[in-house]
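Structure, as structure tokens:
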Amino acid sequence: MASAPPKAGSGDTAGPSAPANPPSNDDGLSEAPSAPAPPMTGRLDFNSEQTTLWSYLTGTPGSSGFGSSTVVDEVLEGVDLAGRVALVTGCCGGIGSEVARGLARRGCHIVAVSRTLEKAETSAKRIRVLVPDAKVTPLGCDMSSFASVRQLVDRFFATGLHLHILINNAAVMASPFSLTPDGFEEQWQVNYLSHFLLTHLLLPHMRASAAALAAEPSSASSPAGPSSLVRVVNVTCSNHYASYQVGRTSGIRFDQLAGDAAALAYSSWFSFGQSKLAMILHARALTKVLHDQGARDVLVLSANPGIARTGIQRFMGFGAGSVGTRMMAYMADLGARARLMKTPSQAAATVAFAAAHPAVEELPGAYLNDCNLGKCSRAANDPQLASALWTESLRMIGVLPPASDPVNPLNNPPDPPAVSETPATAGDNAEGVELPERAGPLPPAVGGQKQPAGGGGGTQRGSGTVTAAPPGGPDSDFRRPAPQ
């Protein structure tokens, strides 16, 4: 059974590959319980809500065998990630750092992405202290800049690595109003839109990596799951319920995401919730597009870590050392003692569950909470909103032309987005691993539309494109059938 949440300030216990006395730090990079992970109790039910307040407070496991008190190393027990590569944004501390440590302990090569290269290198050093044989590649990226995201993709491609797991984790929380250099409200771009662009640019390469795994005879029996499956994990949170009121429900203010209009009636908390709602909708929409294309090699999920004391609290509008910051730290300590807040390792467990556990392989597009299926808001389950977000996001990153009706994108006819096919050619890297050749920049015409200047740049992999309409319609089903 899963262990109870430790008291504030206590650490977790280490697995066999961790140092005997690893240093403690504020990022949750501490040891995990030595008790073995609980066995799976049965298949997860897609239509069943697995998490209740009582189970959260008591740590009672759900149908996955895990619960709110489960830590990263319990979730990953027995999972072999040797030869896999995971890119984790927001890796400088808290949840991202703990997920990266757990994946590295299972043999995964970590591409640690932080706002600056210096912070990424610091994160890499921390991981190597706890996992001495860890393979970590640090890269810097400012998620408030599309140009920085494209540079990240180019630098990643230059490493010659495959990519099997993408964890979109970086975020700012309830920050004062600010516009990014690209003209978008800061939380919208950092928490969601730049991750949408990153996923868009990396997805063809991930599919090529899946194809390379499928070609390895020995990989079919890997405990990590089907060799042809790569994963995209969008980190969200319960704040997605608290978005702006749009019409009769909470949703997304499409007409107030950029420029001066974004400052109108701005709420730091509603904007944060709006960005996290978009992360769930993106997982659902991308799943639908992949399903319509017959793609069975990519699993897209959204994961809610829960409430934890992490470095993201520095973005809550309080200055360093201010009364507000001290009050938040005090409340976090009280919450941890009352089991209302998770440790970083407990919060990271659901993200690790989505990234590597075989139990979720037949749950494409699912929203996970406490390492089980969770219940999300009405807006997060709205296929028309997901369709509108998909199309508008492609427009925002420059792949599609501007909307004819920017105030209400639900009135805009959808343009067919492009999904790159798996490249048929391959080259060799320095380690002798077969990798696809670079196919050059994004083609000037996507889905029959001319690409606007400055948008949709970056390096893409793939020798051709196929088009698919974005998800939509009241009867749309975001789930795709399990691979045959």
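Quick note on naming: the chains in the structure tokens go A, B, ... in the order shown, residues restart at 1 in each chain, and ligands are numbered from 1 in order of appearance.
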Please run DSSP on the backbone and report, as a CSV table (one decimal) with C-alpha atoms, in the first residue's frame, all residues within region 169-213 of chain A that come out as helix (DSSP H, G or I).
```
chain,number,residue,atom,x,y,z
A,186,GLU,CA,2.5,36.2,-20.0
A,187,GLN,CA,0.7,33.3,-18.3
A,188,TRP,CA,-1.0,32.3,-21.5
A,189,GLN,CA,2.2,32.1,-23.4
A,190,VAL,CA,4.5,30.6,-20.7
A,191,ASN,CA,2.1,28.1,-19.4
A,192,TYR,CA,0.4,27.0,-22.6
A,193,LEU,CA,1.1,28.6,-25.9
A,194,SER,CA,4.8,28.1,-26.0
A,195,HIS,CA,4.3,24.5,-25.0
A,196,PHE,CA,1.8,24.1,-27.9
A,197,LEU,CA,4.5,25.4,-30.2
A,198,LEU,CA,7.2,23.2,-28.6
A,199,THR,CA,4.9,20.1,-29.1
A,200,HIS,CA,4.1,21.2,-32.6
A,201,LEU,CA,7.8,21.4,-33.5
A,202,LEU,CA,8.9,18.2,-31.8
A,203,LEU,CA,6.0,15.9,-32.6
A,204,PRO,CA,7.4,14.7,-36.0
A,205,HIS,CA,10.7,13.8,-34.4
A,206,MET,CA,8.9,12.0,-31.6
A,207,ARG,CA,7.0,9.9,-34.2
A,208,ALA,CA,10.3,9.1,-35.9
A,209,SER,CA,11.7,8.1,-32.5
A,210,ALA,CA,8.7,5.8,-32.0
A,211,ALA,CA,9.3,4.2,-35.4
A,212,ALA,CA,12.9,3.6,-34.5
A,213,LEU,CA,11.8,1.9,-31.3
```
Exercise for review: Identify, on the basis of only C-alpha atoms, every residue whose closest approach to region 155-165 of chain A does not exceed 7 Å; exclude the query and any residue fewer than 3 positions from it along the same chain; express the result as a PyMOL selection string.
Suggested key: chain A and resi 84-87+151-152+205-206+209-210+230-232+355+429
Point to revise | strand (DSSP E or B) residues, from DSSP on the backbone, in region 118-228 of chain A, as number ranges by chain | key: A: 136-140, 165-168, 179, 184-185
Check your understanding: Counting only C-alpha atoms, what is within 8 Å of Val111 (chain A), bar same-chain residues fewer than 2 positions away, as a list in words?
Key ->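 The residues satisfying every condition are Val85, Ala86, Leu87, Val88, His109, Val113, Val136, Thr137, Pro138 and Leu139 of chain A.
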Output file for the residues above (C-alpha atoms, as a PDB file, in the first residue's frame):
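The result, written out as part-v8.pdb:
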```pdb
ATOM      1  CA  VAL A  85      14.902  10.187 -23.731  1.00  0.00           C
ATOM      2  CA  ALA A  86      12.640  12.642 -21.884  1.00  0.00           C
ATOM      3  CA  LEU A  87      12.558  16.415 -22.310  1.00  0.00           C
ATOM      4  CA  VAL A  88      11.232  18.189 -19.205  1.00  0.00           C
ATOM      5  CA  HIS A 109      18.234  10.226 -20.530  1.00  0.00           C
ATOM      6  CA  VAL A 113      15.119  22.584 -19.714  1.00  0.00           C
ATOM      7  CA  VAL A 136      21.398  14.642 -18.298  1.00  0.00           C
ATOM      8  CA  THR A 137      21.591  17.237 -21.073  1.00  0.00           C
ATOM      9  CA  PRO A 138      20.867  20.794 -19.835  1.00  0.00           C
ATOM     10  CA  LEU A 139      19.298  23.320 -22.209  1.00  0.00           C
TER      11      LEU A 139
END
```
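Look at region 255-259 of chain A: the protein and nucleic acid residues within 10 Å of it, using only C-alpha atoms and passing over chain neighbours fewer than 2 places away, are Ser178, Leu179, Thr180, Asp182, Gly183, Phe184, Glu185, Glu186, Gln187, Trp188, Gln189, Ile252, Arg253, Ala261, Ala262, Ala263, Leu264, Ala265, Tyr266, Ser271, Met396, Asp405, Pro406, Val407, Asn408 and Pro409 of chain A.
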